[in-house]
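This is coords.pdb. It holds PDB, C-alpha atoms.
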```
ATOM      1  CA  MET A  14     119.240 192.238 210.043
ATOM      2  CA  ALA A  15     122.451 191.542 208.184
ATOM      3  CA  ASN A  16     126.175 192.150 208.340
ATOM      4  CA  THR A  17     126.599 195.428 206.429
ATOM      5  CA  TRP A  18     128.785 198.527 206.756
ATOM      6  CA  HIS A  19     127.611 200.912 209.483
ATOM      7  CA  GLY A  20     128.603 204.474 208.725
ATOM      8  CA  GLU A  21     130.166 206.432 205.874
ATOM      9  CA  PHE A  22     131.966 203.943 203.606
ATOM     10  CA  PRO A  23     134.973 203.610 203.529
ATOM     11  CA  TYR A  24     135.980 206.229 206.108
ATOM     12  CA  GLN A  25     133.898 205.505 209.188
ATOM     13  CA  HIS A  26     132.497 202.240 210.529
ATOM     14  CA  GLY A  27     130.391 202.398 213.673
ATOM     15  CA  ARG A  28     130.675 198.628 214.243
ATOM     16  CA  PRO A  29     127.585 198.453 216.472
ATOM     17  CA  ASP A  30     127.605 194.663 216.196
ATOM     18  CA  ALA A  31     131.423 194.244 216.333
ATOM     19  CA  TRP A  32     131.784 192.729 212.831
ATOM     20  CA  LEU A  33     134.185 194.728 210.686
ATOM     21  CA  ARG A  34     134.573 191.927 208.145
ATOM     22  CA  THR A  35     132.528 188.744 207.680
ATOM     23  CA  SER A  36     130.438 187.378 210.522
ATOM     24  CA  PRO A  37     129.856 183.744 211.537
ATOM     25  CA  VAL A  38     126.873 181.860 210.137
ATOM     26  CA  LYS A  39     123.629 182.443 212.080
ATOM     27  CA  THR A  40     124.928 185.589 213.783
ATOM     28  CA  TYR A  41     121.565 187.171 212.956
ATOM     29  CA  PRO A  42     118.150 185.574 213.536
ATOM     30  CA  PRO A  43     116.337 183.896 210.619
ATOM     31  CA  ASN A  44     113.568 185.669 208.736
ATOM     32  CA  GLY A  45     109.892 184.691 208.890
ATOM     33  CA  HIS A  46     110.566 181.761 206.536
ATOM     34  CA  GLY A  47     113.349 180.385 208.740
ATOM     35  CA  LEU A  48     116.105 181.480 206.330
ATOM     36  CA  ALA A  49     119.270 182.999 207.783
ATOM     37  CA  ASP A  50     122.058 185.018 206.180
ATOM     38  CA  MET A  51     120.306 185.719 202.872
ATOM     39  CA  ALA A  52     121.776 189.223 202.568
ATOM     40  CA  GLY A  53     124.931 190.952 203.715
ATOM     41  CA  ASN A  54     128.206 189.343 204.790
ATOM     42  CA  VAL A  55     129.366 188.343 201.260
ATOM     43  CA  TRP A  56     127.961 188.724 197.753
ATOM     44  CA  GLU A  57     126.822 185.267 196.645
ATOM     45  CA  TRP A  58     128.424 183.828 193.490
ATOM     46  CA  THR A  59     125.864 182.167 191.224
ATOM     47  CA  ASP A  60     126.233 179.941 188.180
ATOM     48  CA  ASP A  61     124.503 182.464 185.892
ATOM     49  CA  PHE A  62     126.387 184.674 183.477
ATOM     50  CA  TYR A  63     125.372 188.305 183.956
ATOM     51  CA  SER A  64     123.438 190.090 181.256
ATOM     52  CA  ALA A  65     122.074 193.581 181.526
ATOM     53  CA  PRO A  66     118.285 193.839 181.588
ATOM     54  CA  GLY A  67     116.952 194.331 178.104
ATOM     55  CA  GLY A  68     113.725 194.361 176.204
ATOM     56  CA  GLU A  69     110.601 194.958 178.232
ATOM     57  CA  PRO A  70     111.091 196.526 181.667
ATOM     58  CA  PRO A  71     109.984 194.323 184.575
ATOM     59  CA  GLU A  72     106.430 194.683 185.797
ATOM     60  CA  HIS A  73     107.762 195.644 189.245
ATOM     61  CA  PRO A  74     111.161 197.423 189.242
ATOM     62  CA  CYS A  75     112.133 195.788 192.537
ATOM     63  CA  CYS A  76     112.111 192.320 191.017
ATOM     64  CA  ALA A  77     114.753 190.282 189.217
ATOM     65  CA  PRO A  78     114.029 189.317 185.603
ATOM     66  CA  ARG A  79     111.778 186.308 185.257
ATOM     67  CA  ASN A  80     113.873 183.179 184.712
ATOM     68  CA  PRO A  81     117.123 185.067 183.915
ATOM     69  CA  ARG A  82     118.900 181.805 182.962
ATOM     70  CA  VAL A  83     116.906 181.436 179.744
ATOM     71  CA  ALA A  84     119.171 183.491 177.474
ATOM     72  CA  ALA A  85     122.348 184.519 179.220
ATOM     73  CA  PRO A  86     125.238 183.195 177.121
ATOM     74  CA  VAL A  87     128.778 184.096 178.171
ATOM     75  CA  ALA A  88     129.086 186.641 175.336
ATOM     76  CA  ASP A  89     126.270 188.721 176.866
ATOM     77  CA  SER A  90     128.322 189.164 180.027
ATOM     78  CA  TYR A  91     131.138 191.068 178.278
ATOM     79  CA  ARG A  92     131.297 194.852 178.784
ATOM     80  CA  PRO A  93     133.501 196.204 175.949
ATOM     81  CA  ASP A  94     133.044 199.813 177.134
ATOM     82  CA  GLU A  95     134.542 199.047 180.584
ATOM     83  CA  PRO A  96     138.089 198.192 181.701
ATOM     84  CA  GLY A  97     138.451 194.396 181.646
ATOM     85  CA  GLY A  98     135.265 194.199 179.589
ATOM     86  CA  GLU A  99     136.445 191.075 177.759
ATOM     87  CA  ILE A 100     136.354 189.065 181.002
ATOM     88  CA  PRO A 101     133.103 187.103 181.538
ATOM     89  CA  ARG A 102     130.893 188.206 184.421
ATOM     90  CA  ARG A 103     128.773 186.024 186.683
ATOM     91  CA  VAL A 104     125.781 187.152 188.709
ATOM     92  CA  THR A 105     126.416 187.945 192.366
ATOM     93  CA  LYS A 106     123.474 188.451 194.733
ATOM     94  CA  GLY A 107     122.606 189.682 198.193
ATOM     95  CA  GLY A 108     125.133 192.391 199.132
ATOM     96  CA  SER A 109     128.119 192.232 201.453
ATOM     97  CA  HIS A 110     129.604 193.607 204.668
ATOM     98  CA  LEU A 111     130.906 196.529 202.568
ATOM     99  CA  CYS A 112     127.427 197.696 201.495
ATOM    100  CA  ALA A 113     126.491 201.044 203.034
ATOM    101  CA  PRO A 114     123.756 203.593 202.331
ATOM    102  CA  ASN A 115     126.309 205.937 200.720
ATOM    103  CA  TYR A 116     127.937 203.198 198.634
ATOM    104  CA  CYS A 117     125.912 200.416 197.042
ATOM    105  CA  LEU A 118     122.418 200.331 198.603
ATOM    106  CA  ARG A 119     122.178 196.617 197.892
ATOM    107  CA  TYR A 120     121.720 194.392 200.856
ATOM    108  CA  ARG A 121     118.753 192.285 199.914
ATOM    109  CA  PRO A 122     118.403 188.829 198.337
ATOM    110  CA  ALA A 123     117.026 190.212 195.047
ATOM    111  CA  ALA A 124     120.000 192.550 194.511
ATOM    112  CA  ARG A 125     122.077 191.308 191.594
ATOM    113  CA  GLN A 126     125.115 192.592 189.770
ATOM    114  CA  GLY A 127     127.761 191.289 187.395
ATOM    115  CA  GLU A 128     131.226 190.518 188.719
ATOM    116  CA  PRO A 129     134.251 189.519 186.584
ATOM    117  CA  VAL A 130     135.087 185.841 187.071
ATOM    118  CA  ASP A 131     138.746 186.640 187.780
ATOM    119  CA  THR A 132     138.086 188.939 190.735
ATOM    120  CA  SER A 133     140.106 188.425 193.891
ATOM    121  CA  THR A 134     137.995 190.457 196.287
ATOM    122  CA  GLY A 135     137.289 189.090 199.766
ATOM    123  CA  HIS A 136     133.629 190.047 199.988
ATOM    124  CA  ILE A 137     132.284 187.508 197.467
ATOM    125  CA  GLY A 138     131.578 183.917 198.425
ATOM    126  CA  PHE A 139     128.909 181.254 198.591
ATOM    127  CA  ARG A 140     125.731 180.857 200.570
ATOM    128  CA  CYS A 141     125.378 177.283 201.733
ATOM    129  CA  VAL A 142     122.097 175.434 202.134
ATOM    130  CA  ILE A 143     121.446 172.888 204.861
ATOM    131  CA  ARG A 144     118.299 170.841 204.456
ATOM    132  CA  PRO A 145     116.779 169.418 207.624
ATOM    133  CA  GLY A 146     117.137 165.633 207.742
TER     134      GLY A 146
END
```

Structure rendered as structure tokens:
Amino acid sequence: MANTWHGEFPYQHGRPDAWLRTSPVKTYPPNGHGLADMAGNVWEWTDDFYSAPGGEPPEHPCCAPRNPRVAAPVADSYRPDEPGGEIPRRVTKGGSHLCAPNYCLRYRPAARQGEPVDTSTGHIGFRCVIRPG
């Protein structure tokens, strides 16, 4: 359960849970590990520069590359064949409230994509961690 788009994006939103934009923390129950809000709501900014998968394909296509921080210099995040390709990209994870089955299909913690560091979109943010005292 996560805050995602319900319906045909961007034309129709069923809003079955009344959240058209972001939802408050802990709106949805935690998973079996006690973790809440790991997908949906906002894409999570990470510290990693994005690099496209290369070399050997992963053993399981559903999984992120093993230790992707090892060799991801800023230059690997450039996309010269795309508009704004000279702008570095950081990894974003988890999907947002704008993810819909007809649009991005990525509302899971392992979903990752590159996002230009100068973006001003409102569906990217941070996932905060609270450790029990």

Using the chain letters and numbers from the file, which residues does the PyMOL selection byres ((chain A and resi 32) around 10) grab, as number ranges by chain? A: 16-19, 26-31, 33-37, 40, 54, 110

What is the atom CA of Gly98 of chain A-atom CA of Tyr24 of chain A distance in Å, reported with one decimal? 29.1 Å

Near Met51 of chain A, within 12 Å and counting all atoms listed in the file, which residues show up once chain neighbours fewer than 2 positions away are dropped, as a count of residues only? 32

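All residues of protein, DNA or RNA that reach within 10 Å of Tyr91 of chain A, judged by only C-alpha atoms and not counting those fewer than 5 positions away in the chain, are Phe62, Tyr63, Ser64, Ala65, Pro86, Gly97, Gly98, Glu99, Ile100, Pro101, Arg102, Gly127 and Pro129 of chain A.
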
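Across the structure, atom CA of Asp60 of chain A and atom CA of Val104 of chain A are spaced 7.2 Å apart.
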
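One finds atom CA of Ser133 of chain A at 24.7 Å from atom CA of Gly20 of chain A.
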
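Ranking A:Ala88, A:Thr105, A:Thr59, A:Asp94 by their shortest atom-to-atom distance to Gln126 of chain A, with only C-alpha atoms included, puts A:Thr105 first.
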
Please complete segment 115-128 of chain A so it has N, CA and C atoms, and hand it over as an mmCIF file, in the frame of the given file.
```cif
data_model
loop_
_atom_site.group_PDB
_atom_site.id
_atom_site.type_symbol
_atom_site.label_atom_id
_atom_site.label_comp_id
_atom_site.auth_asym_id
_atom_site.auth_seq_id
_atom_site.Cartn_x
_atom_site.Cartn_y
_atom_site.Cartn_z
ATOM 1 N N ASN A 115 125.654 204.987 201.618
ATOM 2 C CA ASN A 115 126.309 205.937 200.720
ATOM 3 C C ASN A 115 127.091 205.241 199.606
ATOM 4 N N TYR A 116 127.076 203.900 199.574
ATOM 5 C CA TYR A 116 127.937 203.198 198.634
ATOM 6 C C TYR A 116 127.172 202.351 197.629
ATOM 7 N N CYS A 117 126.532 201.280 198.044
ATOM 8 C CA CYS A 117 125.912 200.416 197.042
ATOM 9 C C CYS A 117 124.412 200.197 197.210
ATOM 10 N N LEU A 118 123.862 200.461 198.369
ATOM 11 C CA LEU A 118 122.418 200.331 198.603
ATOM 12 C C LEU A 118 121.858 198.963 198.235
ATOM 13 N N ARG A 119 122.667 197.930 198.295
ATOM 14 C CA ARG A 119 122.178 196.617 197.892
ATOM 15 C C ARG A 119 122.481 195.589 198.961
ATOM 16 N N TYR A 120 121.592 195.461 199.886
ATOM 17 C CA TYR A 120 121.720 194.392 200.856
ATOM 18 C C TYR A 120 120.371 193.739 201.013
ATOM 19 N N ARG A 121 120.006 193.020 199.955
ATOM 20 C CA ARG A 121 118.753 192.285 199.914
ATOM 21 C C ARG A 121 118.930 191.099 198.965
ATOM 22 N N PRO A 122 118.212 190.013 199.174
ATOM 23 C CA PRO A 122 118.403 188.829 198.337
ATOM 24 C C PRO A 122 118.181 189.064 196.844
ATOM 25 N N ALA A 123 117.304 189.978 196.466
ATOM 26 C CA ALA A 123 117.026 190.212 195.047
ATOM 27 C C ALA A 123 118.083 191.085 194.363
ATOM 28 N N ALA A 124 118.959 191.714 195.119
ATOM 29 C CA ALA A 124 120.000 192.550 194.511
ATOM 30 C C ALA A 124 120.916 191.669 193.669
ATOM 31 N N ARG A 125 121.186 192.087 192.448
ATOM 32 C CA ARG A 125 122.077 191.308 191.594
ATOM 33 C C ARG A 125 122.964 192.263 190.814
ATOM 34 N N GLN A 126 124.179 191.809 190.571
ATOM 35 C CA GLN A 126 125.115 192.592 189.770
ATOM 36 C C GLN A 126 126.069 191.629 189.091
ATOM 37 N N GLY A 127 126.784 192.110 188.086
ATOM 38 C CA GLY A 127 127.761 191.289 187.395
ATOM 39 C C GLY A 127 129.148 191.502 187.981
ATOM 40 N N GLU A 128 129.875 190.430 188.164
ATOM 41 C CA GLU A 128 131.226 190.518 188.719
ATOM 42 C C GLU A 128 132.162 189.699 187.837
#
```
